[in-house]
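Below you'll find the structure, written out as structure tokens, and then a few comments.
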Amino acid sequence: MTARSIPWLKFTAPPNFYVLAERLTPWLWGVAALFLVAGLYVGFFVAPPDYQQGNSYRIMFIHVPAAWMGMFLYLLMALYGAIFLIWRIKMADVMARAIAPTGALMTFLSLWTGALWGAPTWGTYWVWDARLTSTLILLFLFLGYIALHAASDDREKGGRAASLLAIIGAVNVPIIYFSVEWWYNLHQGVSVMRADGPSMAPSMLAALLLMTVAFWVYSAAIVLRRAQSETLSREARKEWAQQAACGRLTRDTRERAVAQAQQENAVSESGGQA
Amino acid sequence: MWDSVGDFLAMGGHAPYVWGSFGMVAAVLLVEWLLVRSRRRRVQIVLQRQSRRSTANGSEGE
């Protein structure tokens with residue numbers, strides 16, 4: 001497990017991560033904006049009204065991406081939590097912590113838009129059916145992670161406890177996903193990921209997929225930005241972080257900081273005997 | 001598909017639901033973006049100040 005054997009591990013060094021995020025985020029903002037505009041255009045001006053639901057079905061174009069992102073971000077957060085617990089890679093904790101607020105917001109948005117879609121469609125804003133209830137639990141898991149991480153004065157301890165919660169809570173995600181098949185539900189069944197192909201008009205599917213990409217890329221950009229701030233404040237005393245904050249991080253400083261970080265990792269891996 | 005701006009805004013009678021959904025998404029994402037940006041700036045300002053202090057002291061770090 002060295003940076004040489006797995007290229008990806010290069011970005012476990014905070015300065016390398018910071019520089020990568022700095023390069024990526026402007027592009028991600030651009031791509032997200034592009035897909036958002038395209039998705040809204042197709043969603044409102046190309047996709048026809050639904051023959052049963054009229055125009056309320058257009059809520060789907062944000063409801064489904066938000067719900068997918070909530071589940072995806074949770075699994076990603078749990079994965080980073082596991083990486084942090086197993087290999088003690090601090091950047092994994094930074095990433096998991098940066099994901100949590102966006103995951104919580106996405107889950108909240110899926111519940112909010114779902115309620116407003118349910119009202120005209122089912123005649124109620126809320127029912128305690130399996131999918132809605134398990135999604136509400138997902139929101140509480142995100143909030144629990146955030147609270148648990150912040151509760152401990154020792155960041156390392158707080159991170160470990162929160163990561164454990166994230167991993168245990170991951171069992172909820174397949175429950176959400178398959179709830180519409182496992183139990184009788186008011187919520188409709190799967191309509192995109194079907195063996196016989198999606199059950200909706202191509203323009204509707206196009207709008208849904210465009211919005212999904214927009215949500216995905218937005219989440220990536222905002223998470224990277226949050227992780228950058230967290231990295232800088234954790235490394236505030238180091239020269240590279242101060243240079244980076246001034247926008248003039250030199251290659252030399254960065255390489256020295258990376259070498260130092262690797263040395264510190266080697267020390268902690270050998271139990272402080274190096 | 002839409003006869004007029006008013007027709008578009010009415011969303012076939014589903015205006016509160018459709019705009020309540022899209023409006024909330026827009027508001028939440030905008031607030032999140034502003035919060036992340038302001039934290040980023042705050043952190044940068046703190047570090048810039050530290051950087052100036054360490055150069056003013058003429059110290060070589062450690």
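Chain labels follow the order of the structure tokens: the first chain is A, the next B, and so on; residue numbering restarts at 1 in every chain, and ligands are counted from 1 in their shown order.
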
So that each row is one residue of chain A with an atom at most 6 Å from chain B, can you give its shortest atom pair and the distance in Å to one decimal, using only C-alpha atoms, rows by chain and rising number, as a tab-separated table?
residue	atom	partner	partner_atom	distance
A:Asn55	CA	B:Met11	CA	5.7
A:Ser56	CA	B:His14	CA	5.7
A:Ile59	CA	B:Val18	CA	5.8
A:Thr113	CA	B:Ser21	CA	4.9
A:Leu116	CA	B:Tyr17	CA	5.0
A:Ser229	CA	B:Arg40	CA	5.2
A:Gln242	CA	B:Leu47	CA	5.2
A:Ala245	CA	B:Gln44	CA	4.8
A:Cys246	CA	B:Gln48	CA	5.8

So that I can see what lies close to A:Ala259, please list as a PDB file with N, CA, C and O atoms, in the first residue's frame the residues with an atom at most 10 Å from it, counting only C-alpha atoms and leaving out residues fewer than 6 positions away in the same chain.
ATOM      1  N   ALA A  13      -2.581  12.294   0.114  1.00  0.00           N
ATOM      2  CA  ALA A  13      -1.757  13.375   0.645  1.00  0.00           C
ATOM      3  C   ALA A  13      -2.521  14.685   0.460  1.00  0.00           C
ATOM      4  O   ALA A  13      -2.883  15.030  -0.662  1.00  0.00           O
ATOM      5  N   THR A 253       7.144  23.396  -2.575  1.00  0.00           N
ATOM      6  CA  THR A 253       6.509  23.298  -1.259  1.00  0.00           C
ATOM      7  C   THR A 253       5.581  22.099  -1.215  1.00  0.00           C
ATOM      8  O   THR A 253       5.524  21.362  -0.241  1.00  0.00           O
ATOM      9  N   ASN A 265       2.653   9.139   7.774  1.00  0.00           N
ATOM     10  CA  ASN A 265       1.839   7.932   7.613  1.00  0.00           C
ATOM     11  C   ASN A 265       2.637   6.680   7.953  1.00  0.00           C
ATOM     12  O   ASN A 265       2.156   5.786   8.621  1.00  0.00           O
TER      13      ASN A 265
END

**Item:** Test item: residues at most 12 Å from A:Leu105, only C-alpha atoms, excluding those fewer than 3 positions along its chain, as a PyMOL selection string
**Value:** (chain A and resi 66-67+69-71+73-74+99-102+108-113+136+138-140+142-143+215+219+222) or (chain B and resi 24-33)

**Request:** Would you mind telling me which residue in A:Ala130, A:Met60, A:Gly43, A:Leu34 lies nearest to A:Trp183 when using only C-alpha atoms?
**Result:** A:Ala130

**Item:** alpha helix (DSSP H) per DSSP on the backbone: members of chain B, as an MDAnalysis selection string
**Value:** chainID B and resid 5:10 15:56

**Straight-line distance linking atom CA of A:Leu75 with atom CA of A:Ala150, stated in Å to one decimal** = 20.3 Å

**Request:** Find the residues near A:Met200: any atom within 12 Å, counting only C-alpha atoms, skip ones fewer than 2 places away on the same chain, and give them as a ChimeraX atom specification.
**Result:** /A:47-51,57,60,190-194,196-198,202-208

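Picture a line from atom CA of A:Leu79 to atom CA of A:Ile167; it runs 7.4 Å.
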
Just the residues within 10 Å of A:Ser179, please, counting only C-alpha atoms, with nothing from its chain fewer than 2 positions along; format it as a PDB file with N, CA, C and O atoms, in the first residue's frame.
ATOM      1  N   ASP A 129     -45.294   4.560   4.533  1.00  0.00           N
ATOM      2  CA  ASP A 129     -45.025   3.326   3.794  1.00  0.00           C
ATOM      3  C   ASP A 129     -43.521   3.057   3.800  1.00  0.00           C
ATOM      4  O   ASP A 129     -42.727   3.873   4.269  1.00  0.00           O
ATOM      5  N   ALA A 130     -43.127   1.887   3.315  1.00  0.00           N
ATOM      6  CA  ALA A 130     -41.750   1.439   3.500  1.00  0.00           C
ATOM      7  C   ALA A 130     -40.735   2.395   2.877  1.00  0.00           C
ATOM      8  O   ALA A 130     -39.726   2.734   3.492  1.00  0.00           O
ATOM      9  N   ARG A 131     -41.014   2.855   1.651  1.00  0.00           N
ATOM     10  CA  ARG A 131     -40.013   3.687   0.988  1.00  0.00           C
ATOM     11  C   ARG A 131     -39.873   5.045   1.653  1.00  0.00           C
ATOM     12  O   ARG A 131     -38.765   5.531   1.873  1.00  0.00           O
ATOM     13  N   LEU A 132     -41.001   5.663   1.983  1.00  0.00           N
ATOM     14  CA  LEU A 132     -40.937   6.989   2.601  1.00  0.00           C
ATOM     15  C   LEU A 132     -40.292   6.912   3.985  1.00  0.00           C
ATOM     16  O   LEU A 132     -39.456   7.746   4.336  1.00  0.00           O
ATOM     17  N   THR A 133     -40.667   5.896   4.736  1.00  0.00           N
ATOM     18  CA  THR A 133     -40.122   5.763   6.085  1.00  0.00           C
ATOM     19  C   THR A 133     -38.620   5.502   6.056  1.00  0.00           C
ATOM     20  O   THR A 133     -37.856   6.111   6.790  1.00  0.00           O
ATOM     21  N   SER A 134     -38.185   4.603   5.157  1.00  0.00           N
ATOM     22  CA  SER A 134     -36.754   4.294   5.107  1.00  0.00           C
ATOM     23  C   SER A 134     -35.953   5.493   4.581  1.00  0.00           C
ATOM     24  O   SER A 134     -34.796   5.674   4.958  1.00  0.00           O
ATOM     25  N   VAL A 173     -29.776   1.480   2.812  1.00  0.00           N
ATOM     26  CA  VAL A 173     -29.864   1.890   1.402  1.00  0.00           C
ATOM     27  C   VAL A 173     -30.519   0.812   0.517  1.00  0.00           C
ATOM     28  O   VAL A 173     -31.452   1.119  -0.226  1.00  0.00           O
ATOM     29  N   PRO A 174     -30.078  -0.453   0.585  1.00  0.00           N
ATOM     30  CA  PRO A 174     -30.811  -1.468  -0.187  1.00  0.00           C
ATOM     31  C   PRO A 174     -32.262  -1.601   0.254  1.00  0.00           C
ATOM     32  O   PRO A 174     -33.126  -1.912  -0.577  1.00  0.00           O
ATOM     33  N   ILE A 175     -32.534  -1.327   1.523  1.00  0.00           N
ATOM     34  CA  ILE A 175     -33.932  -1.382   1.980  1.00  0.00           C
ATOM     35  C   ILE A 175     -34.759  -0.324   1.247  1.00  0.00           C
ATOM     36  O   ILE A 175     -35.856  -0.596   0.770  1.00  0.00           O
ATOM     37  N   ILE A 176     -34.195   0.893   1.131  1.00  0.00           N
ATOM     38  CA  ILE A 176     -34.916   1.945   0.385  1.00  0.00           C
ATOM     39  C   ILE A 176     -35.122   1.508  -1.056  1.00  0.00           C
ATOM     40  O   ILE A 176     -36.220   1.574  -1.606  1.00  0.00           O
ATOM     41  N   TYR A 177     -34.023   1.039  -1.657  1.00  0.00           N
ATOM     42  CA  TYR A 177     -34.055   0.751  -3.086  1.00  0.00           C
ATOM     43  C   TYR A 177     -35.047  -0.350  -3.435  1.00  0.00           C
ATOM     44  O   TYR A 177     -35.807  -0.241  -4.390  1.00  0.00           O
ATOM     45  N   GLU A 181     -40.337  -3.277  -4.090  1.00  0.00           N
ATOM     46  CA  GLU A 181     -40.575  -4.639  -4.545  1.00  0.00           C
ATOM     47  C   GLU A 181     -40.908  -5.564  -3.393  1.00  0.00           C
ATOM     48  O   GLU A 181     -41.655  -6.520  -3.537  1.00  0.00           O
ATOM     49  N   TRP A 182     -40.313  -5.270  -2.220  1.00  0.00           N
ATOM     50  CA  TRP A 182     -40.453  -6.183  -1.092  1.00  0.00           C
ATOM     51  C   TRP A 182     -41.800  -6.041  -0.385  1.00  0.00           C
ATOM     52  O   TRP A 182     -42.333  -6.989   0.151  1.00  0.00           O
ATOM     53  N   TRP A 183     -42.303  -4.791  -0.306  1.00  0.00           N
ATOM     54  CA  TRP A 183     -43.534  -4.571   0.447  1.00  0.00           C
ATOM     55  C   TRP A 183     -44.576  -3.925  -0.428  1.00  0.00           C
ATOM     56  O   TRP A 183     -44.258  -3.312  -1.443  1.00  0.00           O
ATOM     57  N   TYR A 184     -45.828  -4.033   0.017  1.00  0.00           N
ATOM     58  CA  TYR A 184     -46.885  -3.281  -0.655  1.00  0.00           C
ATOM     59  C   TYR A 184     -46.665  -1.813  -0.342  1.00  0.00           C
ATOM     60  O   TYR A 184     -46.464  -1.430   0.795  1.00  0.00           O
ATOM     61  N   ASN A 185     -46.694  -0.996  -1.383  1.00  0.00           N
ATOM     62  CA  ASN A 185     -46.345   0.400  -1.226  1.00  0.00           C
ATOM     63  C   ASN A 185     -47.333   1.297  -1.925  1.00  0.00           C
ATOM     64  O   ASN A 185     -47.899   0.928  -2.945  1.00  0.00           O
ATOM     65  N   HIS A 187     -45.950   4.136  -2.855  1.00  0.00           N
ATOM     66  CA  HIS A 187     -44.962   4.656  -3.797  1.00  0.00           C
ATOM     67  C   HIS A 187     -44.885   3.765  -5.030  1.00  0.00           C
ATOM     68  O   HIS A 187     -44.940   2.556  -4.923  1.00  0.00           O
ATOM     69  N   GLY A 189     -43.499   1.748  -8.372  1.00  0.00           N
ATOM     70  CA  GLY A 189     -42.365   0.849  -8.499  1.00  0.00           C
ATOM     71  C   GLY A 189     -41.246   1.421  -9.340  1.00  0.00           C
ATOM     72  O   GLY A 189     -41.239   2.609  -9.684  1.00  0.00           O
TER      73      GLY A 189
END
